[in-house]
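Take a look at the structure below.
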Amino acid sequence: MLSEMPEVSELHPVPDAPVMKFKFSGVSIDLFYAKLPLWVIPEDLDISQDSLLQNVDEQTVRSLNGCRDTDQILRLVPNIQNFRTTLRCMRFWAKRRGVYSNVFGFLGGINWAFLVARICQLYPNALPNMLVSRFFRVFTQWRWPNPVMLRAIEERSLGLQIWDPRRNPENRYHLMPIITPAYPSMNSSYDVSSSTLRVMTEEFQRGNEICEAMETNKADWDTLFELYPFFESYKNYLQIEISAENDDDLRKWKGWVESRLRHLTLKIERHTFNLLQCHPHPGDFSDKSKHFHCCYFMGLQRKQGVLVNEGGEQFDIRLTVEEFKQDVNMYTMWKPGMVIHVSHVKRRSIPNFVFPGRVRPARPSKPTWDSGRVLELKSSVSAQSDKLSEGNGSDDGRKRKPLDDNLEGNLGVPPLSQVAQWKPRPTLVASTGRQGLVRPLT
């Protein structure tokens, strides 16, 4: 039915979720599916009633709670208009700063709505400009993983599982819990990793500093909404390239790969003991010279505060990358032509098609707020390193190398050619009937 409507484009299902994604007259829409045990769905159905959650599956509960949570937000904020204005501002800011995407491990639209609603509750008489300032002040000081809640968590007679780290061990590992107000209360931000949490807390800090500077006329709103300079912020990146045989296959392949990219971040964090941090770019890039092609990028850096050994310690994540690629190739709707490549690229080798107009921008002559913060950070790190060197003495007559923020020359991530040639140790495998794909026997 939807595919026959001329206003609908880019229609495709979301893997492992009861969601259809499409654009209606250019507007992106996520259409959730819910299965209710009713013969007829009345037009005046009130989904706020808990009785609707009886005898339904977990996916339906989640689908219904999307609308139920939205209704609860409007009931719980003191001023709906101020809430909406502030939310529009914060969503725009999050998109400009590259932290708007739950698929990539950041926060999605509903998550930002919960955070803004909490600020509206804390400052019920504040206007939107003040609410934005207080947003950054509060969440700069927030001690994660303390949860953000719009109301107390309730247990009701239906006995559905709620977010409770005391009873549910898996809840204890959530890094940035933002709890839904509708029953049953859940963590809406379970996709956040330690790397993406680091990025967001740094952005909250930056926003707070700019809002404080605006109070003394040392900054303005344009400074707050400056576009995040992703391809200037790191010296090392992972480039994930995918391709397919046609547009329809590429759309499905993109949806699947995007749903798995968060797992690559988690694997790198786990396999390097959180010493190598990832910053995924929440968007894709297309090389117009290639048909049915798409790219994603992740910035890489060593964890700040970790000193580099004299020999220049390297990270070898070839096994991690190979494991991720095998996971991706397990796609149940895989077709010939669906290909994925992962390679390490330096900042100077970033392809031109990622930049506006396919032209690599020159170094900005006018300093920005972000460039100023980078210089301050480098000075601070250098000073801390000098103090550590002095405190450790000079037993071996050598100076300890300072923190290498950008890992220039020290990151053991191979280029694409080496990734393709590297093979793990032989294991007992069983063919899946798909060319070039094997699955370990368990």
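In the structure tokens, the first chain shown is A, the next is B, and so on; residue numbers restart at 1 for each chain, and ligands run from 1 in the order shown.
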What are the closest atom pairs, with distances in Å to one decimal, for all residues of range 199-232 of chain A lying within 12 Å of range 82-101 of chain A? Consider only C-alpha atoms, order rows by chain and residue number, and present the result as a Markdown table.
| residue | atom | partner | partner_atom | distance |
| --- | --- | --- | --- | --- |
| A:Val199 | CA | A:Val99 | CA | 7.9 |
| A:Met200 | CA | A:Val99 | CA | 6.7 |
| A:Thr201 | CA | A:Val99 | CA | 10.4 |
| A:Glu202 | CA | A:Arg97 | CA | 10.8 |
| A:Glu203 | CA | A:Arg97 | CA | 7.6 |
| A:Phe204 | CA | A:Ala94 | CA | 10.1 |
| A:Arg206 | CA | A:Arg97 | CA | 10.5 |
| A:Gly207 | CA | A:Trp93 | CA | 9.4 |
| A:Trp221 | CA | A:Trp93 | CA | 10.3 |
| A:Asp222 | CA | A:Trp93 | CA | 10.4 |
| A:Thr223 | CA | A:Trp93 | CA | 10.7 |
| A:Leu224 | CA | A:Trp93 | CA | 7.6 |
| A:Phe225 | CA | A:Trp93 | CA | 5.7 |
| A:Glu226 | CA | A:Arg96 | CA | 6.8 |
| A:Leu227 | CA | A:Arg96 | CA | 4.9 |
| A:Tyr228 | CA | A:Arg97 | CA | 4.7 |
| A:Pro229 | CA | A:Arg97 | CA | 8.5 |
| A:Phe230 | CA | A:Gly98 | CA | 8.3 |
| A:Phe231 | CA | A:Gly98 | CA | 11.8 |
Exercise. Got a sec to tell me which of range 283-358 of chain A DSSP assigns to strand (DSSP E), as a list in words?
Worked result: His293, Cys294, Cys295, Tyr296, Phe297, Met298, Gly299, Leu300, Gln301, Arg302, Val339, Ile340, His341, Val342, Ser343, His344, Val345 and Lys346 of chain A
Seminar exercise, completed: One decimal place gives the CA of Ser343 in chain A-CA of Ser189 in chain A separation as 28.9 Å
Problem set entry | Non-local contacts of range 319-334 of chain A (8 Å; only C-alpha atoms; under 2 positions in same chain excluded) as a ChimeraX atom specification | /A:253,256-257,260,263-264,267-268,271,316-317,336,338,340,342,419,424,437
Exercise. Can you tell me how far CA of Arg172 in chain A sits from CA of Ser193 in chain A, in Å to one decimal?
Worked result: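 Calculated distance between CA of Arg172 in chain A and CA of Ser193 in chain A is 13.4 Å.
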For this session: Name the residues in contact with Lys23 in chain A at a cut-off of 7 Å, using only C-alpha atoms, excluding same-chain residues fewer than 5 positions from it; report them as a ChimeraX atom specification.
Result: /A:8-10,28-29
Exercise. Suppose you want the space between CA of Ser243 in chain A and CA of His293 in chain A; what is it in Å?
Worked result: 4.4 Å
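For Glu212 in chain A, the list of residues within 12 Å, based on only C-alpha atoms and with local chain neighbours fewer than 2 positions off taken out, reads A:Met130, A:Val132, A:Ser133, A:Arg134, A:Phe136, A:Arg137, A:Gln205, A:Arg206, A:Gly207, A:Asn208, A:Glu209, A:Ile210, A:Met214, A:Glu215, A:Thr216, A:Asn217, A:Lys218, A:Ala219, A:Asp220, A:Trp221, A:Leu224.
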